[in-house]
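Containing compact mmCIF, C-alpha atoms: structure-v7.txt.
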# COMPACT_ATOMS: atom_id res chain seq x y z
CA MET O 1 -4.65 -1.57 30.56
CA ALA O 2 -6.32 -0.87 27.20
CA GLU O 3 -10.10 -1.03 27.09
CA PRO O 4 -11.58 -3.87 25.02
CA ILE O 5 -12.43 -3.02 21.43
CA TYR O 6 -15.46 -5.31 21.34
CA ARG O 7 -18.14 -6.14 23.89
CA ARG O 8 -19.58 -9.32 22.38
CA VAL O 9 -17.63 -11.73 20.20
CA VAL O 10 -17.75 -15.23 18.81
CA ILE O 11 -14.44 -17.07 19.12
CA LYS O 12 -13.78 -19.92 16.68
CA LEU O 13 -11.46 -22.55 18.13
CA SER O 14 -9.85 -25.27 16.05
CA GLY O 15 -10.83 -28.79 17.06
CA GLU O 16 -7.38 -29.99 16.03
CA TYR O 17 -5.87 -27.66 18.62
CA PHE O 18 -7.68 -29.59 21.37
CA ALA O 19 -5.49 -32.60 20.55
CA GLY O 20 -2.44 -30.72 21.86
CA PRO O 21 0.77 -32.55 20.97
CA HIS O 22 -1.15 -35.65 19.90
CA ALA O 23 -2.41 -36.57 16.44
CA SER O 24 -6.00 -36.74 17.62
CA GLY O 25 -8.18 -36.94 20.71
CA MET O 26 -8.42 -34.51 23.62
CA ASP O 27 -5.38 -33.19 25.47
CA GLN O 28 -6.65 -32.05 28.86
CA PRO O 29 -3.83 -29.60 29.68
CA THR O 30 -4.44 -27.85 26.34
CA ILE O 31 -8.19 -27.63 26.94
CA ASP O 32 -7.59 -26.36 30.47
CA ARG O 33 -5.31 -23.59 29.18
CA VAL O 34 -7.87 -22.53 26.58
CA ALA O 35 -10.51 -22.47 29.33
CA GLY O 36 -8.29 -20.19 31.40
CA ASP O 37 -7.70 -17.86 28.45
CA LEU O 38 -11.44 -17.60 27.80
CA ILE O 39 -12.16 -16.78 31.44
CA GLU O 40 -9.44 -14.10 31.53
CA ALA O 41 -10.81 -12.56 28.34
CA GLN O 42 -14.35 -12.56 29.70
CA GLN O 43 -13.15 -10.78 32.83
CA LEU O 44 -12.32 -7.79 30.62
CA GLY O 45 -16.07 -7.25 30.45
CA ILE O 46 -16.62 -9.19 27.21
CA GLU O 47 -19.57 -11.41 26.38
CA ILE O 48 -18.10 -14.53 24.77
CA ALA O 49 -19.65 -17.26 22.66
CA VAL O 50 -17.41 -20.04 21.36
CA VAL O 51 -17.66 -22.30 18.32
CA VAL O 52 -15.35 -25.32 18.41
CA GLY O 53 -14.43 -27.54 15.47
CA GLY O 54 -14.40 -31.32 15.70
CA GLY O 55 -11.34 -32.26 13.66
CA ASN O 56 -9.50 -33.76 16.63
CA LEU O 57 -12.20 -36.45 16.81
CA VAL O 58 -13.98 -36.74 13.46
CA ARG O 59 -13.61 -34.94 10.15
CA GLY O 60 -16.71 -35.39 8.03
CA VAL O 61 -14.85 -35.06 4.72
CA GLU O 62 -12.39 -37.81 5.70
CA VAL O 63 -15.14 -40.12 6.94
CA SER O 64 -17.11 -39.70 3.72
CA ALA O 65 -13.98 -40.44 1.68
CA ARG O 66 -14.00 -43.92 3.23
CA GLY O 67 -17.47 -44.75 1.93
CA VAL O 68 -19.90 -43.05 4.32
CA SER O 69 -22.20 -40.53 2.66
CA ARG O 70 -21.13 -36.90 3.00
CA PRO O 71 -24.25 -35.88 4.97
CA THR O 72 -23.69 -38.73 7.42
CA GLY O 73 -19.97 -37.96 7.71
CA ASP O 74 -20.69 -34.30 8.33
CA THR O 75 -23.27 -35.20 10.97
CA MET O 76 -20.63 -37.31 12.76
CA GLY O 77 -18.30 -34.32 12.63
CA MET O 78 -20.97 -32.03 14.06
CA LEU O 79 -21.55 -34.45 16.94
CA ALA O 80 -17.78 -34.33 17.58
CA THR O 81 -18.05 -30.57 18.04
CA VAL O 82 -20.64 -31.12 20.79
CA MET O 83 -18.22 -33.47 22.55
CA ASN O 84 -15.52 -30.78 22.40
CA CYS O 85 -17.93 -28.18 23.77
CA LEU O 86 -18.84 -30.43 26.70
CA ALA O 87 -15.14 -30.98 27.47
CA LEU O 88 -14.48 -27.22 27.35
CA GLU O 89 -17.58 -26.46 29.44
CA ALA O 90 -16.33 -28.86 32.14
CA ALA O 91 -12.87 -27.25 32.06
CA ILE O 92 -14.32 -23.75 32.42
CA GLU O 93 -16.58 -24.72 35.29
CA ARG O 94 -13.75 -26.51 37.11
CA ARG O 95 -12.09 -23.09 37.24
CA GLY O 96 -15.17 -21.62 38.90
CA ALA O 97 -16.66 -19.80 35.92
CA PRO O 98 -20.15 -20.52 34.54
CA ALA O 99 -20.54 -21.94 31.04
CA ARG O 100 -23.35 -23.44 29.00
CA THR O 101 -23.31 -25.65 25.91
CA LEU O 102 -26.03 -25.05 23.33
CA SER O 103 -26.40 -27.43 20.40
CA ALA O 104 -27.84 -27.07 16.91
CA PHE O 105 -29.35 -30.55 17.45
CA VAL O 106 -32.25 -31.50 19.70
CA MET O 107 -30.60 -33.64 22.40
CA PRO O 108 -32.22 -32.65 25.71
CA GLN O 109 -30.37 -35.24 27.80
CA ILE O 110 -27.05 -33.72 26.70
CA SER O 111 -27.47 -30.01 26.03
CA GLU O 112 -30.02 -27.30 25.45
CA LEU O 113 -31.01 -26.40 21.89
CA PHE O 114 -29.38 -23.29 20.44
CA THR O 115 -31.70 -20.32 20.12
CA ARG O 116 -30.87 -16.65 19.93
CA SER O 117 -32.93 -15.93 23.04
CA ALA O 118 -31.17 -18.60 25.09
CA THR O 119 -27.78 -17.32 23.96
CA HIS O 120 -28.68 -13.72 24.83
CA ARG O 121 -29.94 -14.83 28.25
CA TYR O 122 -26.86 -16.84 29.18
CA LEU O 123 -24.47 -14.17 27.94
CA ALA O 124 -26.34 -11.59 30.05
CA GLU O 125 -25.99 -13.92 33.05
CA GLY O 126 -22.22 -13.89 32.60
CA ARG O 127 -21.82 -17.39 31.17
CA ILE O 128 -19.40 -18.35 28.44
CA VAL O 129 -21.69 -19.91 25.84
CA LEU O 130 -20.37 -22.86 23.82
CA LEU O 131 -22.12 -23.45 20.51
CA GLY O 132 -21.94 -27.06 19.33
CA GLY O 133 -23.36 -28.99 16.41
CA GLY O 134 -22.21 -26.65 13.65
CA THR O 135 -25.10 -25.15 11.72
CA GLY O 136 -27.00 -28.42 12.10
CA ASN O 137 -26.66 -28.99 8.35
CA PRO O 138 -24.09 -30.92 6.29
CA PHE O 139 -21.70 -29.22 3.86
CA PHE O 140 -21.11 -26.20 6.12
CA THR O 141 -17.91 -25.76 8.12
CA THR O 142 -17.59 -24.58 11.69
CA ASP O 143 -15.91 -21.44 10.29
CA THR O 144 -19.17 -20.62 8.56
CA THR O 145 -21.02 -21.57 11.75
CA ALA O 146 -19.00 -19.02 13.73
CA VAL O 147 -19.88 -16.20 11.33
CA LEU O 148 -23.53 -17.28 11.15
CA ARG O 149 -23.90 -17.41 14.93
CA ALA O 150 -22.11 -14.08 15.32
CA ALA O 151 -24.57 -12.47 12.92
CA GLU O 152 -27.52 -14.12 14.67
CA ILE O 153 -26.61 -13.00 18.18
CA GLY O 154 -25.39 -9.51 17.29
CA ALA O 155 -21.70 -10.10 17.99
CA GLN O 156 -19.31 -7.37 16.93
CA ALA O 157 -16.55 -9.61 15.59
CA VAL O 158 -15.44 -13.18 14.95
CA LEU O 159 -12.07 -14.16 16.41
CA LYS O 160 -10.54 -17.07 14.52
CA ALA O 161 -7.98 -18.72 16.80
CA THR O 162 -5.55 -20.79 14.79
CA ASN O 163 -1.93 -21.97 14.82
CA VAL O 164 -0.48 -18.99 12.92
CA ASP O 165 -0.47 -15.30 13.85
CA GLY O 166 -2.57 -14.11 10.93
CA ILE O 167 -3.20 -14.67 7.25
CA TYR O 168 -0.20 -15.25 5.00
CA SER O 169 0.18 -15.25 1.22
CA ALA O 170 1.37 -18.88 1.51
CA ASP O 171 1.95 -21.42 4.25
CA PRO O 172 4.70 -19.76 6.36
CA LYS O 173 5.85 -23.18 7.58
CA LYS O 174 6.58 -24.24 4.02
CA ASP O 175 7.46 -20.93 2.34
CA ALA O 176 9.91 -18.62 4.12
CA SER O 177 9.02 -15.79 1.73
CA ALA O 178 5.31 -15.87 2.65
CA LYS O 179 3.96 -12.40 3.33
CA ARG O 180 1.83 -11.75 6.39
CA PHE O 181 -1.12 -9.38 6.01
CA ASP O 182 -2.13 -6.92 8.72
CA ARG O 183 -5.43 -6.14 7.01
CA LEU O 184 -7.52 -7.52 4.18
CA THR O 185 -11.00 -6.87 2.90
CA HIS O 186 -13.45 -9.76 2.81
CA SER O 187 -13.27 -9.71 -0.98
CA GLN O 188 -9.46 -9.86 -0.94
CA ALA O 189 -9.58 -12.83 1.43
CA ILE O 190 -11.97 -14.65 -0.90
CA GLU O 191 -10.06 -13.80 -4.08
CA GLY O 192 -6.74 -14.77 -2.48
CA ASN O 193 -8.15 -18.20 -1.63
CA TYR O 194 -6.32 -18.15 1.69
CA LYS O 195 -6.85 -21.48 3.41
CA VAL O 196 -7.12 -20.17 6.98
CA MET O 197 -10.91 -19.87 6.60
CA ASP O 198 -13.32 -21.06 3.93
CA ALA O 199 -14.77 -18.75 1.30
CA THR O 200 -18.36 -19.24 2.49
CA ALA O 201 -17.43 -17.86 5.91
CA PHE O 202 -15.70 -14.82 4.40
CA ALA O 203 -18.64 -14.22 2.05
CA LEU O 204 -21.17 -14.35 4.89
CA ALA O 205 -19.00 -12.03 6.97
CA ARG O 206 -18.89 -9.59 4.04
CA GLU O 207 -22.67 -9.73 3.68
CA THR O 208 -23.23 -9.13 7.40
CA SER O 209 -20.39 -6.58 7.78
CA LEU O 210 -18.65 -8.66 10.45
CA PRO O 211 -14.90 -8.24 10.98
CA ILE O 212 -12.88 -11.44 11.33
CA ILE O 213 -9.62 -11.39 13.26
CA VAL O 214 -7.24 -14.28 12.60
CA PHE O 215 -4.62 -14.83 15.31
CA SER O 216 -2.54 -17.50 17.02
CA ILE O 217 -3.95 -19.23 20.09
CA ALA O 218 -0.53 -20.70 20.94
CA GLU O 219 0.50 -17.91 23.32
CA PRO O 220 -1.31 -17.77 26.69
CA GLY O 221 -3.38 -14.61 26.98
CA SER O 222 -3.65 -14.16 23.22
CA ILE O 223 -7.45 -13.86 23.24
CA GLY O 224 -7.39 -10.99 25.73
CA ALA O 225 -4.60 -9.29 23.80
CA ILE O 226 -6.64 -9.36 20.60
CA LEU O 227 -9.67 -7.99 22.42
CA ARG O 228 -7.62 -5.09 23.81
CA GLY O 229 -6.12 -4.37 20.40
CA THR O 230 -2.58 -5.20 21.52
CA GLY O 231 -2.28 -8.68 20.02
CA GLN O 232 -0.94 -9.62 16.59
CA GLY O 233 -3.39 -10.83 13.99
CA THR O 234 -4.90 -10.13 10.60
CA ILE O 235 -8.09 -8.08 10.52
CA VAL O 236 -10.48 -8.90 7.69
CA GLU O 237 -13.17 -6.26 7.22
CA GLY O 238 -14.66 -3.86 4.74
Represent the structure from my file as structure tokens, please.
Amino acid sequence: MAEPIYRRVVIKLSGEYFAGPHASGMDQPTIDRVAGDLIEAQQLGIEIAVVVGGGNLVRGVEVSARGVSRPTGDTMGMLATVMNCLALEAAIERRGAPARTLSAFVMPQISELFTRSATHRYLAEGRIVLLGGGTGNPFFTTDTTAVLRAAEIGAQAVLKATNVDGIYSADPKKDASAKRFDRLTHSQAIEGNYKVMDATAFALARETSLPIIVFSIAEPGSIGAILRGTGQGTIVEG
């Protein structure tokens, strides 16, 4: 078996993926499978932190479009990410692996506050660390959060788990001629305006020299395959 390419990573999981076959909400079998994939990947000897979106529960932009202020809508969305982290933490621990949710918000009855030192400590203890609450600020996506946290904790890469196996020139579900990229630079990803990740996340990754690997989470074992360098995805670096 190939040795892992990275030793510490931040994995960005789509909140919408947690809904499984449903339009919204939490699909427990889907969350359980993701938990299993994370545990298998960690057993390769990888330290794993996870950022989860909240779109299966609340999308701040959509809430604000209905009359709530954007900062309030975004705060609701960030709280939804904490709920997803708690659900994933429970699923991981049911499988006998240790996990810990850290939040960008002060909520001591629910989770510990995110700090770099706490994250380093729990990763060293062998826990999968789940980072909820986004950046703690409105107007920033969880994609940007994943890159920010990766830079803060000294991760070697950001793995963006999505519903397609990389970055395409157009939506492959709508355009059969869409070209899939094996590699892009951060600047090319920004200039191409590819919707798989927002430009702020790519720009921060460029500034901090962090590679981003975009891959499909649909296949069981896909996280481990990416970490071993055998999976299919688009690498954004340089």
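Using all atoms listed in the file, the nearest neighbour of Gln28 in chain O within the list O:Val10, O:Ile92, O:Ala49, O:Gly54 is O:Ile92.
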Problem set entry | Shell around Val61 in chain O at 7 Å using only C-alpha atoms, local window under 5 positions removed, as a list of chain:residue names | O:Arg70, O:Gly73, O:Asp74
Problem set entry | Exercise: Met26 in chain O partners within 9 Å, all atoms listed in the file, chain neighbours under 2 positions left out, as a ChimeraX atom specification | /O:16-20,22,24,28,30-31,56-57,84,87
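Straight-line separation from CA of Leu79 in chain O to CA of Tyr194 in chain O: 27.0 Å.
Across the model, the gap from CA of Pro172 in chain O to CA of Phe140 in chain O is 26.6 Å.
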Could you work out an axis-aligned box for range 171-182 of chain O, taking every atom the file lists and adding 5 Å on each side, and report centre and edge lengths in Å to one decimal, as JSON?
{"center_x": 3.9, "center_y": -15.6, "center_z": 5.2, "size_x": 22.0, "size_y": 27.3, "size_z": 17.0}
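For the choices O:Lys160, O:His186, O:Arg121, O:Arg66, the atom-to-atom distance to Thr200 in chain O is smallest for O:His186 when using all atoms listed in the file.
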